[in-house]
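Chemist: This is protein37.cif (mmCIF, C-alpha atoms and all ligand atoms).
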```cif
data_final
#
loop_
_atom_site.label_atom_id
_atom_site.label_comp_id
_atom_site.auth_asym_id
_atom_site.auth_seq_id
_atom_site.Cartn_x
_atom_site.Cartn_y
_atom_site.Cartn_z
CA MET Q 1 99.52 112.14 69.52
CA GLY Q 2 95.96 112.00 68.17
CA GLU Q 3 93.12 113.78 69.98
CA PHE Q 4 89.46 112.89 70.17
CA LYS Q 5 87.00 115.62 69.25
CA ASN Q 6 83.94 113.73 70.45
CA THR Q 7 82.64 110.39 71.75
CA MET Q 8 82.01 109.10 68.25
CA GLU Q 9 85.68 109.29 67.35
CA VAL Q 10 86.45 106.93 70.23
CA PHE Q 11 83.50 104.68 69.39
CA LYS Q 12 84.70 104.19 65.81
CA LEU Q 13 87.87 102.52 67.14
CA LEU Q 14 86.00 99.88 69.17
CA GLU Q 15 84.87 96.35 68.33
CA LYS Q 16 81.22 97.31 68.99
CA THR Q 17 80.39 93.90 70.45
CA ASN Q 18 79.24 95.22 73.84
CA CYS Q 19 81.13 92.33 75.47
CA ARG Q 20 81.51 94.23 78.80
CA LYS Q 21 85.10 93.17 79.37
CA CYS Q 22 85.89 96.81 80.13
CA ASN Q 23 83.22 96.77 82.89
CA LYS Q 24 81.01 99.13 80.91
CA PRO Q 25 77.57 97.99 79.74
CA THR Q 26 78.17 98.94 76.10
CA CYS Q 27 80.93 100.08 73.78
CA LEU Q 28 79.13 103.41 73.54
CA ALA Q 29 79.24 103.87 77.31
CA PHE Q 30 82.94 103.00 77.22
CA ALA Q 31 83.57 105.54 74.43
CA ALA Q 32 81.75 108.26 76.40
CA ALA Q 33 83.79 107.43 79.52
CA VAL Q 34 87.07 107.62 77.56
CA PHE Q 35 86.12 110.95 76.03
CA GLN Q 36 85.18 112.31 79.45
CA GLY Q 37 88.51 111.22 80.90
CA GLN Q 38 86.99 108.69 83.31
CA ILE Q 39 88.72 105.65 81.87
CA ALA Q 40 91.75 104.92 79.67
CA LEU Q 41 91.36 103.65 76.12
CA SER Q 42 93.60 100.72 77.02
CA GLU Q 43 90.86 99.34 79.35
CA CYS Q 44 89.30 97.78 76.27
CA PRO Q 45 91.38 94.63 75.66
CA PHE Q 46 90.66 94.71 71.93
CA ILE Q 47 92.37 98.01 71.20
CA GLY Q 48 95.51 97.41 69.16
CA GLU Q 49 98.97 98.67 70.10
CA ASP Q 50 99.05 100.87 67.01
CA ILE Q 51 95.92 102.71 68.16
CA LEU Q 52 97.19 103.07 71.72
CA GLU Q 53 100.41 104.49 70.35
CA GLU Q 54 98.49 107.02 68.33
CA TYR Q 55 95.96 108.04 70.99
CA GLY Q 56 97.79 107.20 74.19
CA SER Q 57 96.85 104.71 76.89
CA LYS Q 58 96.33 107.16 79.73
CA LYS Q 59 93.10 108.88 80.75
CA LEU Q 60 92.43 112.08 78.82
CA GLU Q 61 92.65 115.35 80.68
CA TYR Q 62 89.09 116.01 79.73
CA ALA Q 63 88.08 119.00 81.82
CA SER Q 64 90.89 121.28 80.79
CA THR Q 65 90.77 120.05 77.20
CA PHE Q 66 87.04 120.64 77.05
CA GLU Q 67 87.32 124.18 78.38
CA GLN Q 68 90.24 125.02 76.10
CA ASP Q 69 88.39 123.62 73.09
CA TYR Q 70 85.27 125.56 73.98
CA ILE Q 71 87.20 128.82 74.27
CA LYS Q 72 89.00 128.12 70.99
CA VAL Q 73 85.78 127.28 69.14
CA MET Q 74 84.05 130.40 70.46
CA HIS Q 75 87.00 132.59 69.39
CA GLN Q 76 86.86 131.14 65.90
CA LEU Q 77 83.11 131.60 65.62
CA LYS Q 78 83.28 135.17 66.92
CA ASP Q 79 86.02 136.00 64.39
CA ARG Q 80 83.75 134.76 61.61
CA ILE Q 81 80.76 136.71 62.97
CA LYS Q 82 82.86 139.91 62.78
CA GLN Q 83 83.11 139.40 59.02
CA ILE Q 84 79.38 139.18 58.26
CA ASP Q 85 76.57 141.71 58.11
CA LEU Q 86 74.14 140.72 60.85
CA GLU Q 87 71.42 143.08 59.68
CA SER Q 88 71.20 141.45 56.28
CA ARG Q 89 70.96 137.98 57.88
CA ALA Q 90 68.16 138.88 60.32
CA GLU Q 91 65.10 138.25 58.17
CA LYS Q 92 66.46 135.05 56.66
CA LEU Q 93 67.12 133.65 60.13
CA GLY Q 94 63.64 134.45 61.41
CA GLY Q 95 65.01 137.16 63.70
CA LYS Q 96 65.14 140.95 63.73
CA PHE Q 97 67.85 143.60 63.90
CA SER Q 98 67.63 146.19 66.65
CA ASN Q 99 70.12 148.58 68.25
CA GLY Q 100 73.06 147.04 66.44
CA ARG Q 101 72.19 143.50 67.49
CA LEU Q 102 70.64 140.53 65.78
CA ILE Q 103 67.78 139.33 67.98
CA LEU Q 104 66.81 135.66 67.83
CA LYS Q 105 64.30 133.71 69.88
CA ILE Q 106 66.11 130.82 71.54
CA PHE Q 107 63.77 128.60 73.55
CA GLY Q 108 61.32 131.50 73.35
CA LYS Q 109 63.75 134.00 74.93
CA ASP Q 110 65.38 136.95 73.19
CA PHE Q 111 69.09 136.44 72.53
CA GLY Q 112 71.03 139.43 71.19
CA ILE Q 113 74.14 138.82 69.07
CA ASP Q 114 76.41 141.81 68.51
CA LYS Q 115 78.89 142.43 65.69
CA ASN Q 116 81.69 140.85 67.74
CA GLY Q 117 79.74 137.65 68.36
CA GLY Q 118 78.94 138.58 71.97
CA ILE Q 119 75.67 137.06 73.20
CA SER Q 120 73.39 138.87 75.61
CA THR Q 121 70.22 137.51 77.17
CA ASP Q 122 68.41 137.31 80.51
CA ILE Q 123 69.29 133.68 81.07
CA HIS Q 124 72.54 131.82 81.55
CA VAL Q 125 74.15 130.89 78.21
CA ASN Q 126 75.27 127.28 78.47
CA SER Q 127 78.19 125.84 76.54
CA TRP Q 128 75.75 123.61 74.61
CA ILE Q 129 73.81 126.67 73.43
CA ALA Q 130 76.41 129.28 72.46
CA PRO Q 131 78.28 127.52 69.60
CA PRO Q 132 75.06 126.27 67.92
CA VAL Q 133 73.58 129.79 68.10
CA LEU Q 134 76.64 131.37 66.44
CA ASN Q 135 76.82 128.56 63.88
CA PHE Q 136 73.15 129.11 63.10
CA VAL Q 137 73.87 132.79 62.43
CA LEU Q 138 76.84 131.90 60.23
CA SER Q 139 75.65 128.91 58.29
CA SER Q 140 71.87 128.60 58.28
CA LYS Q 141 70.51 128.57 54.74
CA GLY Q 142 67.35 130.20 56.07
CA ILE Q 143 65.13 127.59 54.44
CA PRO Q 144 61.49 127.97 55.49
CA LEU Q 145 59.95 125.10 57.45
CA THR Q 146 58.06 122.53 55.39
CA GLY Q 147 55.98 121.04 58.23
CA SER Q 148 57.22 117.59 57.26
CA TRP Q 149 58.45 115.90 60.46
CA VAL Q 150 61.21 113.31 60.41
CA PRO Q 151 63.23 111.54 63.12
CA PHE Q 152 66.87 112.57 63.51
CA ARG Q 153 68.13 109.46 61.67
CA GLU Q 154 66.24 110.53 58.52
CA LEU Q 155 67.96 113.90 58.27
CA GLU Q 156 70.28 113.73 55.27
CA THR Q 157 73.54 114.29 57.15
CA SER Q 158 72.75 112.33 60.33
CA LYS Q 159 74.39 109.00 59.45
CA ASP Q 160 77.39 109.21 61.76
CA TRP Q 161 75.41 110.71 64.63
CA ALA Q 162 72.15 108.79 64.62
CA ARG Q 163 73.14 105.99 66.96
CA PHE Q 164 74.55 108.38 69.55
CA PHE Q 165 71.49 110.52 69.25
CA GLU Q 166 69.13 107.68 70.16
CA HIS Q 167 71.17 106.80 73.17
CA GLN Q 168 72.28 110.19 74.49
CA CYS Q 169 69.27 112.30 73.62
CA VAL Q 170 66.07 110.32 73.00
CA GLY Q 171 66.99 107.88 75.79
CA ALA Q 172 67.57 110.74 78.24
CA PHE Q 173 64.26 112.45 77.41
CA LYS Q 174 62.42 109.14 77.75
CA GLN Q 175 63.99 108.47 81.12
CA VAL Q 176 62.65 111.79 82.44
CA ALA Q 177 59.21 111.31 80.85
CA ASP Q 178 58.91 107.74 82.20
CA THR Q 179 59.79 108.87 85.72
CA ASN Q 180 57.27 111.69 85.83
CA PRO Q 181 55.26 112.52 82.67
CA SER Q 182 53.55 115.59 84.12
CA PHE Q 183 56.87 117.01 85.36
CA PHE Q 184 58.22 116.40 81.86
CA LYS Q 185 55.44 118.61 80.48
CA ASP Q 186 56.24 121.26 83.09
CA ILE Q 187 59.93 121.34 82.09
CA ILE Q 188 58.94 121.81 78.45
CA LYS Q 189 56.88 124.81 79.54
CA LEU Q 190 59.90 126.15 81.40
CA PHE Q 191 61.70 126.22 78.04
CA ASN Q 192 58.69 127.94 76.46
CA GLY Q 193 57.51 124.79 74.74
CA ARG Q 194 53.83 124.03 74.38
CA PRO Q 195 51.50 121.09 73.92
CA VAL Q 196 50.32 120.58 70.35
CA GLN Q 197 47.37 118.62 69.00
CA ASN Q 198 47.71 114.88 69.07
CA HIS Q 199 50.60 114.37 66.65
CA TYR Q 200 50.99 110.73 65.61
CA ASP Q 201 48.22 109.83 68.10
CA ALA Q 202 50.71 110.30 70.93
CA ASP Q 203 49.48 110.64 74.51
CA ILE Q 204 51.64 113.74 74.90
CA SER Q 205 52.80 115.91 71.95
CA LEU Q 206 55.01 118.86 72.75
CA MET Q 207 56.71 121.45 70.58
CA ILE Q 208 59.82 123.33 71.58
CA TYR Q 209 61.85 125.92 69.67
CA PRO Q 210 65.60 125.77 70.36
CA LEU Q 211 66.11 128.16 67.40
CA PRO Q 212 63.73 130.05 65.08
CA LEU Q 213 64.08 127.56 62.20
CA LEU Q 214 64.62 124.51 64.36
CA PRO Q 215 61.45 123.35 66.07
CA MET Q 216 61.53 120.01 67.85
CA LEU Q 217 58.46 117.82 68.25
CA ILE Q 218 58.42 115.38 71.15
CA CYS Q 219 55.79 112.63 71.16
CA TYR Q 220 55.36 110.39 74.18
CA ASN Q 221 53.13 107.38 74.77
CA HIS Q 222 52.54 105.97 78.24
CA ALA Q 223 53.13 102.29 78.91
CA GLU Q 224 49.87 100.36 78.73
CA ASP Q 225 48.41 96.91 78.07
CA GLY Q 226 51.80 95.25 78.34
CA LEU Q 227 53.37 97.68 75.85
CA GLU Q 228 56.36 99.71 76.91
CA SER Q 229 56.22 103.49 76.85
CA ASP Q 230 57.90 105.15 73.91
CA LEU Q 231 59.23 108.57 73.07
CA ASN Q 232 59.97 109.92 69.61
CA LEU Q 233 61.63 113.12 68.66
CA PHE Q 234 61.05 114.76 65.29
CA PHE Q 235 62.59 117.62 63.35
CA ASP Q 236 61.39 119.52 60.33
CA ASN Q 237 63.05 117.90 57.30
CA THR Q 238 64.90 121.19 56.66
CA ALA Q 239 66.66 121.03 60.05
CA ASP Q 240 70.16 120.14 58.89
CA LYS Q 241 70.00 122.76 56.13
CA ASN Q 242 69.46 125.38 58.79
CA LEU Q 243 71.95 124.11 61.34
CA PRO Q 244 74.90 121.70 60.94
CA ILE Q 245 74.03 118.24 62.21
CA GLU Q 246 76.66 118.28 64.98
CA ASN Q 247 75.05 121.43 66.37
CA ILE Q 248 71.59 119.83 66.26
CA TYR Q 249 73.12 116.97 68.21
CA THR Q 250 74.79 119.30 70.73
CA LEU Q 251 71.65 121.36 71.31
CA SER Q 252 69.36 118.35 71.67
CA THR Q 253 71.61 116.35 73.96
CA GLY Q 254 72.41 119.46 76.01
CA LEU Q 255 68.70 120.01 76.49
CA ALA Q 256 68.09 116.36 77.37
CA ASN Q 257 70.85 116.44 79.98
CA MET Q 258 69.45 119.66 81.40
CA PHE Q 259 66.07 117.92 81.76
CA LYS Q 260 67.75 115.06 83.60
CA LYS Q 261 69.44 117.48 86.00
CA LEU Q 262 66.19 119.34 86.65
CA ALA Q 263 64.34 116.06 87.21
CA LYS Q 264 66.98 115.00 89.71
CA THR Q 265 66.71 118.29 91.61
CA HIS Q 266 62.95 117.96 91.60
CA GLY Q 267 63.32 114.49 93.12
S1 LIG Q 301 85.66 95.68 76.19
FE1 LIG Q 301 85.82 96.83 74.29
S2 LIG Q 301 84.52 95.71 72.89
FE2 LIG Q 301 83.96 95.01 74.92
S3 LIG Q 301 82.27 96.39 75.58
FE3 LIG Q 301 84.14 97.29 76.30
S4 LIG Q 301 84.68 98.72 74.69
FE4 LIG Q 301 83.24 97.29 73.79
#
```
Please, can you express the file's structure as C-alpha cells?
Ligand code: SF4

Modeler:
Amino acid sequence: MGEFKNTMEVFKLLEKTNCRKCNKPTCLAFAAAVFQGQIALSECPFIGEDILEEYGSKKLEYASTFEQDYIKVMHQLKDRIKQIDLESRAEKLGGKFSNGRLILKIFGKDFGIDKNGGISTDIHVNSWIAPPVLNFVLSSKGIPLTGSWVPFRELETSKDWARFFEHQCVGAFKQVADTNPSFFKDIIKLFNGRPVQNHYDADISLMIYPLPLLPMLICYNHAEDGLESDLNLFFDNTADKNLPIENIYTLSTGLANMFKKLAKTHG
C-alpha cells in the first residue's frame, strides 16, 4: 500500500475545486487533515477506487508514522554526517569548529554538531529544526549571500511547494501579525531577529536567521484606508542552493506554527 510523505502528495490526488463536499473549506485543508490522520482519503467523493486501493480508505496512523519517520530520517542523516569532515565544512557554512564540534548559529543561538550527528544547544531542539540543520551541514553549497531578496515562489526549486508555503507559512505569520503586531515583533526578538530599515516601504521589516546562510526577511503592512494588511516573506536568492527547498519549507512552517502557539499562550 502506498504511503504519503507529506501533505502535497495527498493534495496532488485531489480535484482541487474546493467544492467543500468533504466538509473542509479547501482541498488543501482536506489534504492536510488526511496526512495528519484526522480524516480518511475516501471522505472526498471524487477519489477513484484505484487510488483508494493504492492508498487505503482508512485514516492514517499519523502519530506513530510521523515519529517513526522522524527517527528513521535522523538515523540516515546522522550516518551521513559520520562520513564527512566537519572541520573542513565549518568555514563554508558560516560556522566554526571548536572542541570537536561544528558550531553554527541557529536563530542566533550556538548549536554544536558532533561527528556522530548529535546536536547540543541550550534550547530545545524541535523536530522541525533538527533535520534541516543536519541537511544544511551535509548539502549546503556554501554560496555567499547576494542580498537579492525574492519570495519563496521565485526560488528555482520551489514550484511544487509554493502554494503550500503561502497557505501554511505566510498565512500563519500574517494571522499572528494581524492579531497583535507589537507581539509579533516581540516574538521575532525572542528568536534573535531584529528590525531592519524600511525594506519595501513596509510598516514593519524584520530579519531573522534560521541558519547562517539562510536569512529570512519579513515585511508587514498594517491595514489602512480600506486596504487589507499584508505580509511578505523573502529569502536571499541563494537560499535553495544552501538548503534543499523541502527543508526551507519545514523550517519556515515550523517557525510560523511556533509563533501561532506562542500567540495563543500569550492570549
Ligand atoms: S470534496 Fe474533494 S474536491 Fe471537494 S473540497 Fe473536498 S477534497 Fe476538494

Chemist: Identify which of the residues Q:Ala263, Q:Leu155, Q:Ile187, Q:Cys44 lies closest to Ile245 (chain Q), counting all atoms listed in the file when measuring atom-to-atom distances.

Modeler: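 When distances to Ile245 (chain Q) are compared using all atoms listed in the file, the smallest one comes from Q:Leu155.
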
Chemist: Residues within 9 Å of ligand LIG 301 (chain Q) (all atoms listed in the file), as a list of chain:residue names?

Modeler: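 Taking all atoms listed in the file into account, the residues around ligand LIG 301 (chain Q) at most 9 Å away are Q:Phe11, Q:Leu14, Q:Glu15, Q:Lys16, Q:Thr17, Q:Asn18, Q:Cys19, Q:Arg20, Q:Lys21, Q:Cys22, Q:Asn23, Q:Lys24, Q:Pro25, Q:Thr26, Q:Cys27, Q:Leu28, Q:Ala29, Q:Phe30, Q:Ala31, Q:Leu41, Q:Glu43, Q:Cys44, Q:Pro45, Q:Phe46, Q:Ile47.
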
Chemist: For a quick check of understanding, using all atoms listed in the file, which of Q:Tyr70, Q:Lys12, Q:Thr253, Q:Lys109 has the smallest distance to His167 (chain Q)?

Modeler: Q:Thr253

Chemist: Can you list, as an mmCIF file with C-alpha atoms, in the coordinates of the input, every protein, DNA or RNA residue that comes within 6 Å of region 210-214 of chain Q when you count only C-alpha atoms, leaving out same-chain residues fewer than 2 positions away?

Modeler:
```
data_model
loop_
_atom_site.group_PDB
_atom_site.id
_atom_site.type_symbol
_atom_site.label_atom_id
_atom_site.label_comp_id
_atom_site.auth_asym_id
_atom_site.auth_seq_id
_atom_site.Cartn_x
_atom_site.Cartn_y
_atom_site.Cartn_z
ATOM 1 C CA GLY Q 94 63.640 134.450 61.410
ATOM 2 C CA ILE Q 106 66.110 130.820 71.540
ATOM 3 C CA PHE Q 107 63.770 128.600 73.550
ATOM 4 C CA ALA Q 239 66.660 121.030 60.050
#
```

Chemist: Neighbouring residues of Gly142 (chain Q) were defined as those with any atom within 12 Å, considering only C-alpha atoms; residues of the same chain fewer than 4 positions away were excluded. Please report them as a count of residues only.

Modeler: 21

Chemist: Distance CA of Glu49 (chain Q)-CA of Leu13 (chain Q), one decimal place?

Modeler: 12.1 Å

Chemist: Using only C-alpha atoms, find the one residue out of Q:Trp149, Q:Thr179, Q:Tyr209, Q:Gly254 that sits nearest to Val125 (chain Q).

Modeler: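 Among Q:Trp149, Q:Thr179, Q:Tyr209, Q:Gly254, it is Q:Gly254 that comes nearest to Val125 (chain Q).
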
Chemist: One decimal, Å: what's the distance from CA of Ala32 (chain Q) over to CA of Lys5 (chain Q), could you say?

Modeler: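 Interatomic distance, CA of Ala32 (chain Q) to CA of Lys5 (chain Q): 11.5 Å.
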
Chemist: Just give me the gap between CA of Met216 (chain Q) and CA of Gly193 (chain Q) in Å, one decimal is fine.

Modeler: 9.3 Å

Chemist: What would the list of residues within 10 Å of (83.5, 139.8, 70.8) (file frame) look like as an NGL selection string, if only C-alpha atoms are what count?

Modeler: :Q and (74-75 or 77-79 or 81-82 or 113-119)

Chemist: Counting all atoms listed in the file, write as a count of residues only all protein and nucleic acid residues lying at most 10 Å from (65.8, 117.2, 77.9) in the file's frame.

Modeler: 26

Chemist: Here is a test: counting all atoms listed in the file, which residue of Q:Thr265, Q:Ser158, Q:Asn232, Q:Ser139 is nearest to Asp201 (chain Q)?

Modeler: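 Going through Q:Thr265, Q:Ser158, Q:Asn232, Q:Ser139 one by one, the smallest distance to Asp201 (chain Q) is for Q:Asn232.
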
Chemist: I'd like the neighbourhood of Thr121 (chain Q) as a list of chain:residue names, where a residue qualifies if any of its atoms comes within 7 Å (using only C-alpha atoms), though same-chain residues fewer than 4 positions away should be ignored.

Modeler: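 With the cut-off at 7 Å, the set is Q:Asp110, Q:Phe111, Q:Gly112.
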
Chemist: Please save C-alpha atoms of the selected residues as a PDB file, keeping the file's coordinate frame.

Modeler:
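The file below, out-v5.pdb, is the result:
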```pdb
ATOM      1  CA  ASP Q 110      65.380 136.950  73.190  1.00  0.00           C
ATOM      2  CA  PHE Q 111      69.090 136.440  72.530  1.00  0.00           C
ATOM      3  CA  GLY Q 112      71.030 139.430  71.190  1.00  0.00           C
TER       4      GLY Q 112
END
```

Chemist: My list of candidates is Q:Phe97, Q:Phe235, Q:Tyr220, Q:Tyr200. Which is closest to Glu154 (chain Q) when distances are computed with all atoms listed in the file?

Modeler: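 Closest to Glu154 (chain Q) of all the choices is Q:Phe235.
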